Every structure is written in structure tokens, then in C-alpha cells.
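Colleague: Just passing along the structure, written as C-alpha cells.
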Amino acid sequence: MKKVSWLHTTIIMALCVSLIAPLSTQATIKQPIQNESIYDLLVDRYFNKTFKNDFEVDTRQPDAFAGGDFLGVMEKLDHIQNMGFTMISLGPVFSTSTYDGKRVLDYATLERHFGTSEDFHTLLEQAHKEELKVMVDFPIQHVSSAHAFVLEKDKATWIIHNDDGTISWDLKNEDAQKAVVDAAVGFVKQYQVDGIRLTAIDGVDSPFLNKMIDALKAQNNNLYILSNEQSDAKFDAQVSGKQEKMFRNAFKTVDPTFIPLVDHSTEEVMIQHIDSMNNRRFTADAADENMFPPTRWKMAMAALLSLPGVPMVTYGSEIAVNGNTSPETHPILDFKTDEELIEFIGDVQSLRNRSAALRTGAMEMLHNEEGLLIYKRFNKEESWIVAINNTSKTQSFDLPKDVIGDHQELQGLFQHDILRQREDGQYRLVLDRELAEFYTVNDQKGFNKGYMVALALVYILFLVFIYLVWRKGKQRKLDKSKN
């Protein structure tokens with residue numbers, strides 16, 4: 001049995017070696033934000049590691065605290081890593097009256113349900129050890145009416161009471177500006193986070209936001225600063241509600257006449273997302289169309305993770321979480337689900353993380369009609385063809401040689417097909433319905449010498465195996481005849 005097991009392992013290794021192709025690796029120097037992919041979660045709804053901070057937790061009430069904590073996020077870092085994300089967005093972590101952290105009570109204190117300052121430091125240290133960056137939300141407006149600033153008499157003049165029971169700050173007041181900026185800078189100084197997302201910025205003018213961004217960058221020049229709303233301020237990447245709507249409409253069903261995409265020719269870095277923490281889940285859109293959500297998510301993820309920009313994925317998307325409004329859209333994450341979609345996300349992210357062309361390379365749209373989307377991502381070192389068949393039928397398309405070049409070979413990494421140049425100079429691409437494929441473009445090498453050597457080795461090992469079996473059988477006959 002040991003001989004057979006060893007032989008089987010050797011054959012598999014020989015075949016694997018012949019098929020491995022090198023991909024470019026990510027440099028260790030500081031990279032632009034396009035190199036990141038963000039997994040957006042809520043601490044309370046992720047994983048409950050310790051019961052010590054479960055103060056009045058009630059999982060039966062959808063809008064109550066559910067028990068998730070900093071140590072719970074740390075416990076499940078492998079789940080995020082397995083999907084290839086490089087940055088975790090934790091949402092707001094300050095003392096709050098609501099599970100989602102929006103109704104901040106005190107910028108200077110962490111939410112006790114989430115854990116202690118020591119717990120947060122531990123999470124940050126472990127995440128950084130595992131090469132994951134961490135971002136938190138800083139809600140500027142619409143905080144709790146019981147916010148700590150309210151108790152300070154000198155701040156009463158710049159408090160604005162909103163119709164929804166929350167309060168905001170009159171940021172035309174210099175004292176208000178200083179208090180908010182100092183709170184954010186103080187947090188960044190105390191905790192080694194890698195990013196700050198400024199939220200609830202509706203009505204906040206760009207000059208103040210730029211002032212805040214400059215102060216945060218002065219504290220940590222490597223800090224990523226984002227927002228979840230459109231703004232003219234100098235954020236590291238911009239979010240587009242229009243882009244989200246286009247993605248949802250394009251991928252919620254099959255056979256769209258056209259897949260609208262944002263203009264990727266601009267130098268402005270865009271955050272690519274298909275649903276967000278504040279909106280209806282994409283799964284609900286797919287379900288309304290009587291479509292199978294995991295397949296819809298695969299199509300969307302293939303585009304999301306390969307188009308220019310910074311992909312941001314809301315927690316639970318990997319298991320096709322449903323829902324129309326919060327708190328329904330913010331369930332406690334179920335880690336015991338089918339992993340097919342999770343594996344797909346991880347596979348695509350693996351390509352993206354190892355390929356500079358897929359992260360920061362140029363893009364050329366080759367075809368975008370009737371649900372068949374084909375584009376090229378490339379730089380000086382490598383080229384990729386991404387094909388997404390978001391239709392109900394098998395599709396074919398001829399890639400011209402002026403795009404691919406002469407004597408090239410396109411190797412599909414998921415369906416494992418190889419495209420070679422035909423006599424007319426073109427490359428025929430054929431893709432089954434509701435599938436996405438990533439093709440590497442390489443010089444055609446003729447016979448794959450590595451494969452031929454491996455194949456020869458397989459035959460030799462097989463003959464050795466037959467010989468050993470024959471010899472063992474002959475020995476048994478001899479032993480029986482002696483007895």
C-alpha cells in the first residue's frame with residue numbers, strides 16, 4: 001500500500017509542476033490604494049468570541065446588540081484571508097447607542113460591547129501580523145443626542161438638533177471643527193489603524209473635509225481616507241451611487257442588452273461595490289428576478305474584482321445574504337454554509353493579488369453587448385483577457401490579433417481551455433452560459449516540454465508500478481509452491 005500511495009503522490013506532483021505558471025508578485029513597498037480589496041463588516045454582527053462584554057445582548061431582537069466583538073473578528077481573520085481581502089473595514093467602533101455604531105456617544109471611548117482598548121490593540125496587532133490592514137468609520141454627523149459633547153456647556157452653541165432625534169455639529173464654527181478634527185486625529189494617534197472612512201458627511205463642505213483629511217494625513221501619511229458618500233473632497237478613492245446601481249441592474253439577471261460601467265479612463269480612483277451596508281442587498285434583487293443568487297454573485301464578483309478601482313464587498317455577500325432594509329440586511333454571519341461562492345471569490349482574488357495588471361493596469365473594452373462582457377487588463381509585463389458570459393446561452397467571440405498579438409496563447413485558469421491563433425489570425429473564445437473566465441496571454445511555446453516530460457514520467461512510473469505488482473504476484477506463487 002505504501003508503494004502505491006507514494007506512486008500516486010509522485011504522479012500528481014509531476015502533473016502539477018508541469019501546469020504551474022509564474023504570476024507577478026506584489027511588491028513590498030508602499031502601494032496605491034488600488035492594490036487593496038476591502039471586506040466591510042459590522043463588529044457586532046460578525047462573531048461573538050467572549051461573553052464578558054455581552055451587556056444586555058439579545059439575539060432575538062433584530063435591532064439589539066448581538067454580541068460580536070473585536071476578539072471575534074480576530075478569531076475569524078482566516079475567513080477573510082481565505083477570500084483574499086487585504087483590508088478589513090470594521091464600521092464605527094466608538095461608544096454608541098446602536099449596534100451599527102452610527103449613533104456615537106463619545107469619540108474618545110470604544111464601544112464596551114465590542115471589547116476593551118486592549119482587545120482592539122490585540123486585533124490590530126494580529127491583523128497586521130497576518131498582513132491585513134484595518135479601517136474604521138468615523139461618523140461626523142447624526143450622532144446620538146446623548147453624545148459627550150452635549151454635556152460640555154461651551155459646545156452647546158454649535159449643536160444642531162435633527163428631526164430624526166440625532167444631533168449634528170455646526171461645522172461653520174471653528175471650535176466645532178477643531179473638536180471633531182482633534183477627536184479623529186487623537187484616535188489615529190492612539191490606535192495604529194490603516195484607514196479612516198468619514199461617514200455621515202451629507203451637508204459637510206469640502207473645505208472642512210480637506211482640512212480634516214490633511215490633519216489625519218499629518219498624523220499618519222500612509223493612512224487611507226475614504227468616505228461612503230460622493231464628495232469633491234480629496235479622498236483617496238471616491239464612491240459612486242450611480243456605479244452601484246449600474247452593477248446591480250447589470251448582474252441581477254441574465255441577457256441584459258448592455259452592461260453599463262463607470263468611465264474607467266479617468267484618473268480618479270473609484271470604489272467598486274455592488275451593495276453597501278446602508279442599502280438593499282443585491283441578493284434581494286436577484287431573488288426578485290427568480291434567479292439563483294450565488295450564480296448572480298459569481299458574475300458580479302468576477303467584474304467587481306477585475307475592473308479598475310478598489311473592490312469593496314459587504315460582509316455576508318459570500319453567502320448571498322438577503323434583505324431589504326436594516327437590521328434585516330445585517331444578520332449575524334453564518335460561517336457554516338456552502339463554500340462554493342467563498343472559494344470562487346478566493347480564487348479570483350488570488351489572481352488579483354498576484355497580478356499588478358489586474359490591480360493597477362490599463363483597461364481596454366473589447367466587447368460589451370447582450371450580456372457578453374470582454375475586456376483586457378494589461379501593463380508592460382503581462383496581459384489578461386477577462387470574459388464574463390452573463391447570458392442564458394453559450395457565447396463565442398473572435399479576439400483580433402491587433403489586441404492579442406501574433407503567435408500568442410491564451411490559457412483559461414478556471415475552465416482550463418487554451419486558445420491559439422487560427423489561420424485567419426484571430427483567437428476564438430467560447431464560453432458557456434453564466435460563466436466567467438480569466439485568460440493569461442503568453443507567447444505560444446509549441447509543445448509544452450514540461451507537460452511532455454511529466455507525461456513521460458507518468459508512463460514510466462506506471463510501468464514501474466505494473467512491474468512491481470507482477471513481481472509481487474510471482475513471489476506469492478513461488479511462496480505457495482514451496483508450502
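Following the order of the C-alpha cells, first chain is A, next is B, and so on, with residues numbered from 1 inside each chain and ligands from 1 in the order they appear.
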Please provide the set of residues having any atom within 7 Å of A:Asn210, restricted to only C-alpha atoms, with same-chain residues fewer than 4 positions apart removed, written as an MDAnalysis selection string.
Modeller: chainID A and resid 206 214 233:234
Colleague: Please identify the alpha helix (DSSP H) residues within stretch 353-438 of chain A (assignment by DSSP from backbone atoms) and present them as a PyMOL selection string.
Modeller: chain A and resi 353-354+356-360+401-404
Colleague: Could you make a table, as CSV, of the residues of stretch 301-345 of chain A that have an atom within 12 Å of an atom of stretch 251-260 of chain A, each with its nearest atom pair and distance in Å to one decimal, counting only C-alpha atoms, in chain and number order?
Modeller:
residue,atom,partner,partner_atom,distance
A:Met301,CA,A:Phe251,CA,9.6
A:Ala302,CA,A:Phe251,CA,10.6
A:Ala303,CA,A:Phe251,CA,9.6
A:Leu304,CA,A:Phe251,CA,10.8
Colleague: Please, which residues of stretch 354-482 of chain A, numbered as in this document, come out strand (DSSP E or B) from DSSP, as a count of residues only?
Modeller: 49
Colleague: What is the distance between atom CA of A:Gln126 and atom CA of A:Leu77, in Å to one decimal?
Modeller: 8.8 Å
Colleague: Write out as number ranges by chain each polymer residue whose atoms come within 8 Å of A:Thr199, counting only C-alpha atoms; drop sequence neighbours fewer than 6 positions from it.
Modeller: A: 137-141, 227-229
Colleague: Suppose we keep N, CA, C and O atoms; can you now write the selection as a short mmCIF file (atom, residue, chain, number, x, y, z; two decimals), in the first residue's frame?
Modeller:
data_model
loop_
_atom_site.label_atom_id
_atom_site.label_comp_id
_atom_site.auth_asym_id
_atom_site.auth_seq_id
_atom_site.Cartn_x
_atom_site.Cartn_y
_atom_site.Cartn_z
N ASP A 137 -14.79 53.41 10.68
CA ASP A 137 -15.63 54.54 10.30
C ASP A 137 -15.57 55.62 11.38
O ASP A 137 -15.53 55.32 12.58
N PHE A 138 -15.60 56.87 10.92
CA PHE A 138 -15.71 58.00 11.84
C PHE A 138 -16.95 58.80 11.43
O PHE A 138 -16.90 59.61 10.50
N PRO A 139 -18.11 58.56 12.08
CA PRO A 139 -19.32 59.31 11.75
C PRO A 139 -19.19 60.77 12.19
O PRO A 139 -18.96 61.05 13.36
N ILE A 140 -19.35 61.70 11.25
CA ILE A 140 -19.20 63.11 11.58
C ILE A 140 -20.51 63.72 12.07
O ILE A 140 -20.54 64.45 13.06
N GLN A 141 -21.60 63.41 11.38
CA GLN A 141 -22.89 63.99 11.74
C GLN A 141 -23.89 62.91 12.16
O GLN A 141 -23.60 61.71 12.07
N SER A 227 -14.65 57.71 2.07
CA SER A 227 -15.98 58.05 2.53
C SER A 227 -16.96 57.08 1.90
O SER A 227 -16.62 56.37 0.94
N ASN A 228 -18.17 57.01 2.44
CA ASN A 228 -19.20 56.16 1.83
C ASN A 228 -20.21 57.00 1.07
O ASN A 228 -21.26 56.51 0.67
N GLU A 229 -19.89 58.28 0.86
CA GLU A 229 -20.76 59.17 0.11
C GLU A 229 -19.93 59.93 -0.93
O GLU A 229 -18.73 60.11 -0.76
#
Colleague: Select from stretch 58-107 of chain A every residue with an atom at most 7 Å from any atom of stretch 36-49 of chain A, then for each give the shortest pair of atoms and their distance in Å to one decimal, using only C-alpha atoms, rows by chain and rising number, as a Markdown table.
Modeller:
| residue | atom | partner | partner_atom | distance |
| --- | --- | --- | --- | --- |
| A:Phe65 | CA | A:Asp44 | CA | 6.5 |
| A:Ala66 | CA | A:Asp44 | CA | 5.9 |
| A:Gly67 | CA | A:Asn48 | CA | 5.2 |
| A:Gly68 | CA | A:Asp44 | CA | 3.8 |
| A:Asp69 | CA | A:Val43 | CA | 5.6 |
| A:Phe70 | CA | A:Val43 | CA | 6.6 |
| A:Leu71 | CA | A:Lys49 | CA | 5.8 |
| A:Gly72 | CA | A:Lys49 | CA | 4.4 |
| A:Val73 | CA | A:Phe47 | CA | 6.2 |
| A:Phe85 | CA | A:Ser37 | CA | 5.2 |
| A:Thr86 | CA | A:Ser37 | CA | 5.4 |
| A:Met87 | CA | A:Ile38 | CA | 4.8 |
| A:Ile88 | CA | A:Tyr39 | CA | 5.0 |
| A:Ser89 | CA | A:Asp40 | CA | 4.6 |
| A:Leu90 | CA | A:Leu41 | CA | 5.4 |
| A:Gly91 | CA | A:Leu42 | CA | 5.5 |
| A:Tyr99 | CA | A:Asp44 | CA | 6.1 |
| A:Asp100 | CA | A:Leu42 | CA | 6.4 |
Colleague: Rank A:Glu118, A:Glu174, A:Glu125, A:Asp164 by their smallest atom-to-atom distance to A:Arg103, using only C-alpha atoms, and report the top residue only.
Modeller: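 Of the candidates, the smallest distance to A:Arg103 is held by A:Asp164.
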Colleague: Which polymer residues have any atom within 10 Å of an atom of A:Ser396, counting only C-alpha atoms, with same-chain residues fewer than 5 positions away left out, as a ChimeraX atom specification?
Modeller: /A:372,389,428-432
